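Trainee: Supplied in structure tokens, the structure appears directly below.
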Amino acid sequence: MADILHRVGIKAPRDTVFQALTTVDGLAGWWTTDTKGSGDDKLQFRFGDLGGFDMKVLELQPSTRVRWEVVDGPEEWIGTTVTFDLKQDGEWTIILFAHEGWREQVEFMNHCSTKWALFLMSLKSFVETGTGAPHPDDVRISDWH
């Protein structure tokens, strides 16, 4: 098994970051504008012609942890988990991000690691300034987008 791991600091209270990770409006502000569902049950993320992902919310610990399981999407993603652990460090909220459970390290995983980093920077911008870069306004890094 292989995992994607990132760490990013956001100058904002944990409650504010948590809201951006658990509400449809928050998620649409930094990941994809085509976000539907309920932040405490099932979420649907669509990326135009590229398809999308359905996530089952596994765990919500207020201002501390958000954890999803991928239940539909690309074969490589199904059954993996996405976790955002939040901790306060002075005026910073530190996110320890993990996309865990990849069956093997394939080229698509490298692509997704880069895109997760870009979307985490979009989350940072969204929380700190009110403006993120969700799909379709994200940085395109290849034909896979």
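Residues are named by chain letter and number: chains run A, B, ... in the order of the structure tokens, numbers start at 1 in each chain, and ligands are numbered from 1 in the order shown.
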As a ChimeraX atom specification, please: every residue in chain A that a backbone DSSP assignment puts in strand (DSSP E).

Mentor: /A:2-10,34-37,42-46,52-61,65-72,81-89,92-102

Trainee: Save out the residues we just selected, C-alpha atoms, as a compact mmCIF listing (two decimals), in the first residue's frame.

Mentor:
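Result went into out-v7.txt, see below:
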# COMPACT_ATOMS: atom_id res chain seq x y z
CA ALA A 2 1.09 3.55 -0.70
CA ASP A 3 -0.05 6.91 0.67
CA ILE A 4 -0.05 10.58 -0.32
CA LEU A 5 0.94 12.83 2.59
CA HIS A 6 1.07 16.64 2.84
CA ARG A 7 1.39 19.27 5.56
CA VAL A 8 0.16 22.84 5.19
CA GLY A 9 -0.32 25.73 7.61
CA ILE A 10 -3.23 28.15 7.38
CA ASP A 34 -19.52 21.14 -8.54
CA THR A 35 -19.85 19.80 -4.99
CA LYS A 36 -23.05 18.26 -3.65
CA GLY A 37 -24.21 16.27 -0.67
CA LYS A 42 -22.00 11.54 1.63
CA LEU A 43 -20.33 14.04 -0.68
CA GLN A 44 -20.15 14.15 -4.46
CA PHE A 45 -17.35 15.97 -6.24
CA ARG A 46 -17.48 16.40 -10.03
CA GLY A 52 -15.54 12.71 -10.13
CA PHE A 53 -15.58 11.07 -6.73
CA ASP A 54 -18.18 10.08 -4.17
CA MET A 55 -17.04 10.15 -0.56
CA LYS A 56 -18.65 8.60 2.47
CA VAL A 57 -17.98 10.64 5.60
CA LEU A 58 -16.38 8.22 8.07
CA GLU A 59 -15.37 10.57 10.85
CA LEU A 60 -15.95 14.15 11.95
CA GLN A 61 -14.25 15.36 15.11
CA ARG A 65 -10.39 15.59 12.10
CA VAL A 66 -12.27 14.94 8.87
CA ARG A 67 -12.07 11.48 7.29
CA TRP A 68 -13.73 10.19 4.12
CA GLU A 69 -13.80 6.88 2.26
CA VAL A 70 -13.88 6.94 -1.54
CA VAL A 71 -16.90 4.85 -2.56
CA ASP A 72 -17.05 5.78 -6.26
CA THR A 81 -9.39 7.14 2.63
CA VAL A 82 -8.81 10.89 2.73
CA THR A 83 -8.00 12.41 6.13
CA PHE A 84 -7.49 15.99 7.28
CA ASP A 85 -6.06 16.17 10.82
CA LEU A 86 -6.08 19.70 12.27
CA LYS A 87 -3.98 21.09 15.09
CA GLN A 88 -3.44 24.64 16.32
CA ASP A 89 0.09 26.04 16.44
CA TRP A 92 -1.65 28.70 12.48
CA THR A 93 -3.90 25.72 11.88
CA ILE A 94 -1.71 22.89 10.68
CA ILE A 95 -3.33 20.35 8.36
CA LEU A 96 -1.79 16.91 8.20
CA PHE A 97 -3.33 15.49 5.05
CA ALA A 98 -3.33 11.82 4.05
CA HIS A 99 -4.80 10.01 1.05
CA GLU A 100 -4.17 6.46 2.22
CA GLY A 101 -4.63 2.93 1.00
CA TRP A 102 -3.51 3.06 -2.63

Trainee: Using only C-alpha atoms, which residues sit within 10 Å of A:Arg103 once same-chain residues fewer than 6 positions away are excluded, as an MDAnalysis selection string?

Mentor: chainID A and resid 1:3 76:80

Trainee: Using only C-alpha atoms, which residue out of A:Phe18, A:Trp116, A:Phe108, A:Trp30 lies closest to A:Ala133?

Mentor: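 Among A:Phe18, A:Trp116, A:Phe108, A:Trp30, it is A:Trp30 that comes nearest to A:Ala133.
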
Trainee: For atom CA of A:Thr129 and atom CA of A:Asn110, determine how far apart the two atoms are, in Å to one decimal place.

Mentor: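 Result for atom CA of A:Thr129 versus atom CA of A:Asn110: 28.6 Å, one decimal.
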
Trainee: In Å to one decimal, how far is atom CA of A:Val127 from atom CA of A:Ala12?

Mentor: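 Value for the atom CA of A:Ala12-atom CA of A:Val127 distance: 7.2 Å.
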
Trainee: As a VMD selection string, please: the residues near A:Leu123 (cut-off 9 Å, only C-alpha atoms, same-chain neighbours under 4 positions excluded).

Mentor: chain A and resid 10 17 20 to 21 26 to 27 29 to 31 118 to 119 127 to 128 131 to 134

Trainee: Go ahead and save the picked residues with C-alpha atoms, as a compact mmCIF listing (two decimals), in the first residue's frame.

Mentor:
# COMPACT_ATOMS: atom_id res chain seq x y z
CA ILE A 10 -3.23 28.15 7.38
CA VAL A 17 -10.66 25.51 8.49
CA ALA A 20 -14.15 24.77 4.80
CA LEU A 21 -13.72 20.97 4.98
CA GLY A 26 -16.66 25.49 1.86
CA LEU A 27 -15.61 22.51 -0.26
CA GLY A 29 -14.70 27.21 -2.57
CA TRP A 30 -11.41 25.33 -2.82
CA TRP A 31 -11.78 21.86 -4.45
CA LEU A 118 -2.41 22.44 -5.44
CA PHE A 119 -5.88 22.01 -3.94
CA VAL A 127 -9.62 30.36 4.14
CA GLU A 128 -7.09 33.19 4.39
CA THR A 131 -10.81 33.21 -2.76
CA GLY A 132 -9.63 29.72 -3.67
CA ALA A 133 -8.84 28.08 -7.01
CA PRO A 134 -11.35 25.22 -7.22
